[in-house]
2 protein chains.
Amino acid sequence: MTRRPPRPRERGIPEATVARLPLYLRALQALDERGTPTVSSEELASVAGVNSAKLRKDLSHLGSYGTRGVGYDVEYLIYQISRELGLTQDWSVAIVGVGNLGRALANYGGFGTRGFRIAALLDADPAVVGDAVAGLRVGHIDSLEEVVAREHVSIGVIATPAAAAQGVCDRFVGAGVTSVLNFAPVVLNVPDGVDVRKVDLSIELQILAFHEQRKADGRGGPEWIEALEA
Amino acid sequence: MTRRPPRPRERGIPEATVARLPLYLRALQALDERGTPTVSSEELASVAGVNSAKLRKDLSHLGSYGTRGVGYDVEYLIYQISRELGLTQDWSVAIVGVGNLGRALANYGGFGTRGFRIAALLDADPAVVGDAVAGLRVGHIDSLEEVVAREHVSIGVIATPAAAAQGVCDRFVGAGVTSVLNFAPVVLNVPDGVDVRKVDLSIELQILAFHEQRKADGRGGPEWIEALEA
DNA sequence: TGGTGTGAATTCCTTCACAGCG
DNA sequence: CGCTGTGAAGGAATTCACACCA
């Protein structure tokens, strides 16, 4: 039992850190556009909405890119985080389901910050197939496998009704896609090695409702968050 | 002498648990529609996509609603979770920003599972104001405060461009809203006591890209292969 | 001096393993 | 028995606090 895993693997960045890197990246880009050459962990943390100790710890997983007594070089840090996230290459994305949500996604300008290319929009509804959306022609779902292969799609986005989601997911996986972003309110079953992330409006609303109720219960004041030490 | 208050949260259900309750609820509703009267933690966990120990631990925070040797009564558990999440009452929601995303949200049928009522759709664009969307007339953003007061809005949804989000958020907060669901890619600043949850497409894509890159690198870090148990 | 990088302490979450009840 | 509920162990993430360096 004397294994020693205290080293966060040369290449092993904690999940929680990975989930925050995009936040830092966005904050840095905002600073960069404003012409700011360097930032301290305190400033950057404040812009990104986290505390500075967490930010420094997160960045330390990437390497020592800061300068003591000074801070971080904005452009250099943008590059390092981008590289770590894999944004220095382009990823092809296919969106299935071209309803309002699919259109919203397709029109999501710049797609965050480059690094992603919408390779295809697919739908099952003949009334939608052929439409021009965000400069692309909507294709038929039947061409999914062909499109994935031709466009080297590596991320599949599912914006279909719940009932269709698992079927679309299976086809993505069958076609070799190993990353799926799911907007349909269902739990997708996928084999090991396939990553699924889900975005679910109603779950977020329900979490808010829980806290809202909590606040309403604790009539009396703002101490609902504070210690209830007797 | 500075003993930190050890208990910031006394009667609290862990955040991680709260975030999963909606999943269990959805799984239970699916089972209920299929006519299943009872489930074991094993079955329910499988449907919800978590492991059974976690599920039991989560449910134990609500109380002892299961029967040893049998499992959980589906309908009863639905009721208990709904109550805990505050879904036995209706929450009024106002959506600001009626682009494709706002429309997608407005048309999100049943809004998860009842418990939520879209009280208003607001936009700043005169070309959109007056439109009928999801059975509602789109109002002008100027009426935000009035609408919040009249409809007792408790959850504000921001589906505007990034540049407008903080302003809308400030107006929500000023009008007394204490829960905000933000779809715009910015970090919102809010006073204590206001809950913000964010849904961010590009962050999710970037997290997927990170893992996708990791898989492509292949050599060295086969931690995602570790699930070769089965 | 000012601010990074990081061991150590702390808190939070997950998983194990089994006592005990229906 | 079978399955829940839960202490206890194990891990992960956060926060503290300060050594150390540009």
# chains A, B, ... in the order shown; residues from 1 in each chain; ligands from 1
>>> closest_atom_pairs(of="chain C", to="chain B", cutoff="12 Å", atoms="only C-alpha atoms (C1' of nucleotides)", output="CSV")
residue,atom,partner,partner_atom,distance
C:DT10,C1',B:Pro6,CA,10.5
C:DT11,C1',B:Pro6,CA,9.8
C:DC12,C1',B:Pro14,CA,8.6
C:DC13,C1',B:Ala16,CA,7.6
C:DT14,C1',B:Lys54,CA,7.1
C:DT15,C1',B:Ala53,CA,7.1
C:DC16,C1',B:Ala53,CA,8.7
C:DA17,C1',B:Ala53,CA,10.6
C:DG20,C1',B:Arg68,CA,9.4
C:DC21,C1',B:Arg68,CA,6.3
C:DG22,C1',B:Arg68,CA,5.6
>>> write_last_selection(atoms="N, CA, C and O atoms (P, O5', C5', C4', C3', O3' and C1' of nucleotides)", output="short mmCIF file (atom, residue, chain, number, x, y, z; two decimals), in the first residue's frame")
data_model
loop_
_atom_site.label_atom_id
_atom_site.label_comp_id
_atom_site.auth_asym_id
_atom_site.auth_seq_id
_atom_site.Cartn_x
_atom_site.Cartn_y
_atom_site.Cartn_z
P DT C 10 -6.31 22.41 10.38
"O5'" DT C 10 -7.45 22.50 9.27
"C5'" DT C 10 -7.57 23.69 8.51
"C4'" DT C 10 -8.68 23.54 7.49
"C3'" DT C 10 -9.92 22.78 7.99
"O3'" DT C 10 -11.03 23.63 7.74
"C1'" DT C 10 -9.23 21.99 5.87
P DT C 11 -12.44 23.33 8.44
"O5'" DT C 11 -13.35 23.06 7.18
"C5'" DT C 11 -13.26 23.92 6.05
"C4'" DT C 11 -13.72 23.18 4.83
"C3'" DT C 11 -15.04 22.41 5.04
"O3'" DT C 11 -15.95 22.93 4.09
"C1'" DT C 11 -13.46 21.08 3.91
P DC C 12 -17.47 22.49 4.04
"O5'" DC C 12 -17.47 21.57 2.74
"C5'" DC C 12 -16.84 22.03 1.55
"C4'" DC C 12 -16.78 20.88 0.56
"C3'" DC C 12 -18.08 20.05 0.53
"O3'" DC C 12 -18.53 19.99 -0.81
"C1'" DC C 12 -16.18 18.64 0.76
P DC C 13 -19.82 19.17 -1.22
"O5'" DC C 13 -19.18 17.83 -1.77
"C5'" DC C 13 -18.33 17.88 -2.92
"C4'" DC C 13 -17.90 16.48 -3.25
"C3'" DC C 13 -19.04 15.50 -3.47
"O3'" DC C 13 -18.91 14.96 -4.79
"C1'" DC C 13 -17.42 14.61 -1.97
P DT C 14 -19.90 13.80 -5.28
"O5'" DT C 14 -19.07 12.47 -4.97
"C5'" DT C 14 -17.77 12.37 -5.49
"C4'" DT C 14 -17.15 11.06 -5.05
"C3'" DT C 14 -17.98 9.82 -5.39
"O3'" DT C 14 -17.13 8.96 -6.13
"C1'" DT C 14 -17.29 9.79 -3.11
P DT C 15 -17.72 7.65 -6.83
"O5'" DT C 15 -17.30 6.53 -5.79
"C5'" DT C 15 -15.94 6.38 -5.45
"C4'" DT C 15 -15.82 5.43 -4.28
"C3'" DT C 15 -16.63 4.13 -4.45
"O3'" DT C 15 -15.69 3.06 -4.47
"C1'" DT C 15 -16.89 5.07 -2.27
P DC C 16 -16.19 1.54 -4.53
"O5'" DC C 16 -15.98 1.09 -3.00
"C5'" DC C 16 -14.84 1.56 -2.31
"C4'" DC C 16 -14.87 1.07 -0.87
"C3'" DC C 16 -15.39 -0.36 -0.71
"O3'" DC C 16 -14.55 -1.01 0.22
"C1'" DC C 16 -16.64 1.10 0.65
P DA C 17 -14.48 -2.57 0.38
"O5'" DA C 17 -15.41 -2.82 1.64
"C5'" DA C 17 -15.08 -2.21 2.89
"C4'" DA C 17 -16.23 -2.45 3.86
"C3'" DA C 17 -16.87 -3.85 3.74
"O3'" DA C 17 -17.34 -4.21 5.00
"C1'" DA C 17 -18.50 -2.26 3.40
P DG C 20 -26.13 -3.66 14.29
"O5'" DG C 20 -27.38 -3.53 13.32
"C5'" DG C 20 -27.87 -2.25 12.98
"C4'" DG C 20 -29.13 -2.43 12.16
"C3'" DG C 20 -30.15 -3.37 12.80
"O3'" DG C 20 -31.43 -2.85 12.51
"C1'" DG C 20 -29.68 -4.12 10.66
P DC C 21 -32.58 -3.05 13.61
"O5'" DC C 21 -33.87 -2.62 12.78
"C5'" DC C 21 -33.77 -1.62 11.77
"C4'" DC C 21 -34.46 -2.10 10.51
"C3'" DC C 21 -35.76 -2.87 10.79
"O3'" DC C 21 -36.81 -2.24 10.12
"C1'" DC C 21 -34.40 -4.01 9.21
P DG C 22 -38.33 -2.62 10.44
"O5'" DG C 22 -38.87 -3.11 9.02
"C5'" DG C 22 -38.62 -2.34 7.85
"C4'" DG C 22 -38.89 -3.20 6.64
"C3'" DG C 22 -40.22 -3.96 6.68
"O3'" DG C 22 -40.78 -3.96 5.38
"C1'" DG C 22 -38.45 -5.51 6.50
#
>>> closest_atom_pairs(of="chain D", to="chain A", cutoff="8 Å", atoms="only C-alpha atoms (C1' of nucleotides)", output="CSV")
residue,atom,partner,partner_atom,distance
D:DA13,C1',A:Ala16,CA,7.4
D:DT14,C1',A:Lys54,CA,7.0
D:DT15,C1',A:Ala53,CA,7.1
D:DC21,C1',A:Arg68,CA,6.4
D:DA22,C1',A:Arg68,CA,5.5
>>> write_last_selection(atoms="N, CA, C and O atoms (P, O5', C5', C4', C3', O3' and C1' of nucleotides)", output="CSV table (one decimal), in the first residue's frame")
chain,number,residue,atom,x,y,z
D,13,DA,P,-10.7,17.1,-8.3
D,13,DA,O5',-11.0,18.4,-7.3
D,13,DA,C5',-12.3,18.5,-6.8
D,13,DA,C4',-12.4,19.6,-5.9
D,13,DA,C3',-11.8,20.9,-6.4
D,13,DA,O3',-12.7,22.0,-6.2
D,13,DA,C1',-10.9,20.4,-4.3
D,14,DT,P,-12.3,23.5,-6.5
D,14,DT,O5',-12.0,24.0,-5.0
D,14,DT,C5',-13.0,24.0,-4.0
D,14,DT,C4',-12.4,24.5,-2.7
D,14,DT,C3',-11.9,25.9,-2.8
D,14,DT,O3',-12.5,26.7,-1.8
D,14,DT,C1',-10.3,24.5,-1.7
D,15,DT,P,-12.4,28.3,-1.8
D,15,DT,O5',-11.3,28.5,-0.6
D,15,DT,C5',-11.6,27.9,0.7
D,15,DT,C4',-10.3,28.0,1.5
D,15,DT,C3',-9.7,29.4,1.5
D,15,DT,O3',-9.7,29.9,2.8
D,15,DT,C1',-8.1,27.6,1.2
D,21,DC,P,14.7,31.1,-4.1
D,21,DC,O5',14.4,31.7,-5.6
D,21,DC,C5',13.1,31.6,-6.1
D,21,DC,C4',12.6,32.9,-6.7
D,21,DC,C3',13.8,33.8,-7.2
D,21,DC,O3',13.4,34.3,-8.4
D,21,DC,C1',12.4,35.0,-5.8
D,22,DA,P,14.4,34.5,-9.6
D,22,DA,O5',13.8,35.7,-10.4
D,22,DA,C5',12.6,35.6,-11.1
D,22,DA,C4',11.9,36.9,-11.2
D,22,DA,C3',12.8,38.0,-11.9
D,22,DA,O3',12.0,38.8,-12.7
D,22,DA,C1',12.3,38.7,-9.7
>>> select_by_dssp(residues="segment 78-177 of chain B", states="alpha helix (DSSP H)", output="JSON, numbers by chain")
{"B": [78, 79, 80, 81, 82, 83, 84, 85, 100, 101, 102, 103, 104, 105, 106, 144, 145, 146, 147, 148, 149, 150, 151, 162, 163, 164, 165, 166, 167, 168, 169, 170, 171, 172, 173, 174]}
>>> interface_residues(of="chain A", to="chain B", cutoff="8 Å", atoms="only C-alpha atoms", output="VMD selection string")
chain A and resid 11 to 12 18 to 19 22 to 23 47 to 49 84 to 87 91 99 to 101 103 to 105 111 to 113 154 to 155 178 to 181 187 192 to 193 195 197 199 201 to 213 222 225 to 229
>>> calpha_fit_rmsd(fixed="chain A", moving="chain B")
3.1 Å
>>> residues_around(residues="DG5 of chain C", least_positions_apart="4", cutoff="8 Å", atoms="only C-alpha atoms (C1' of nucleotides)", output="MDAnalysis selection string")
chainID A and resid 56:57 60 64
>>> write_last_selection(atoms="N, CA, C and O atoms", output="mmCIF file, in the first residue's frame")
data_model
loop_
_atom_site.group_PDB
_atom_site.id
_atom_site.type_symbol
_atom_site.label_atom_id
_atom_site.label_comp_id
_atom_site.auth_asym_id
_atom_site.auth_seq_id
_atom_site.Cartn_x
_atom_site.Cartn_y
_atom_site.Cartn_z
ATOM 1 N N ARG A 56 -4.166 30.722 -8.628
ATOM 2 C CA ARG A 56 -2.730 30.411 -8.671
ATOM 3 C C ARG A 56 -2.498 28.907 -8.660
ATOM 4 O O ARG A 56 -1.661 28.374 -9.390
ATOM 5 N N LYS A 57 -3.257 28.223 -7.837
ATOM 6 C CA LYS A 57 -3.113 26.761 -7.789
ATOM 7 C C LYS A 57 -3.461 26.144 -9.140
ATOM 8 O O LYS A 57 -2.762 25.262 -9.642
ATOM 9 N N SER A 60 -0.756 26.762 -11.588
ATOM 10 C CA SER A 60 0.475 26.039 -11.269
ATOM 11 C C SER A 60 0.473 24.645 -11.890
ATOM 12 O O SER A 60 1.524 24.049 -12.083
ATOM 13 N N SER A 64 5.029 27.060 -14.536
ATOM 14 C CA SER A 64 5.310 28.338 -13.860
ATOM 15 C C SER A 64 5.367 29.450 -14.890
ATOM 16 O O SER A 64 6.436 29.813 -15.366
#
>>> select_by_dssp(residues="segment 107-204 of chain A", states="strand (DSSP E or B)", output="PyMOL selection string")
chain A and resi 116-123+132-133+136-140+153-158+179-182+195-198
>>> residues_around(residues="segment 141-152 of chain B", least_positions_apart="3", cutoff="6 Å", atoms="only C-alpha atoms (C1' of nucleotides)", output="ChimeraX atom specification")
/B:122-124,175
>>> write_last_selection(atoms="N, CA and C atoms", output="PDB file, in the first residue's frame")
ATOM      1  N   LEU B 122     -38.958  39.404 -22.593  1.00  0.00           N
ATOM      2  CA  LEU B 122     -38.627  40.810 -22.822  1.00  0.00           C
ATOM      3  C   LEU B 122     -37.448  40.937 -23.769  1.00  0.00           C
ATOM      4  N   ASP B 123     -37.477  41.990 -24.565  1.00  0.00           N
ATOM      5  CA  ASP B 123     -36.360  42.222 -25.483  1.00  0.00           C
ATOM      6  C   ASP B 123     -36.212  43.724 -25.692  1.00  0.00           C
ATOM      7  N   ALA B 124     -35.027  44.110 -26.135  1.00  0.00           N
ATOM      8  CA  ALA B 124     -34.768  45.528 -26.369  1.00  0.00           C
ATOM      9  C   ALA B 124     -35.050  45.914 -27.813  1.00  0.00           C
ATOM     10  N   ALA B 175     -34.670  44.968  -9.024  1.00  0.00           N
ATOM     11  CA  ALA B 175     -36.115  44.749  -8.917  1.00  0.00           C
ATOM     12  C   ALA B 175     -36.453  43.689  -7.878  1.00  0.00           C
TER      13      ALA B 175
END
>>> closest_residue(among="A:Arg171, A:Ala184, A:Tyr24, A:Ile13", to="Gly63 of chain A", atoms="only C-alpha atoms")
A:Ile13
>>> closest_residue(among="A:Ala159, A:Val96, A:Cys169, A:Ile118", to="Gly139 of chain A", atoms="only C-alpha atoms")
A:Val96
>>> atom_distance(atom1="atom CA of Val98 of chain A", atom2="atom CA of Val133 of chain B")
17.6 Å
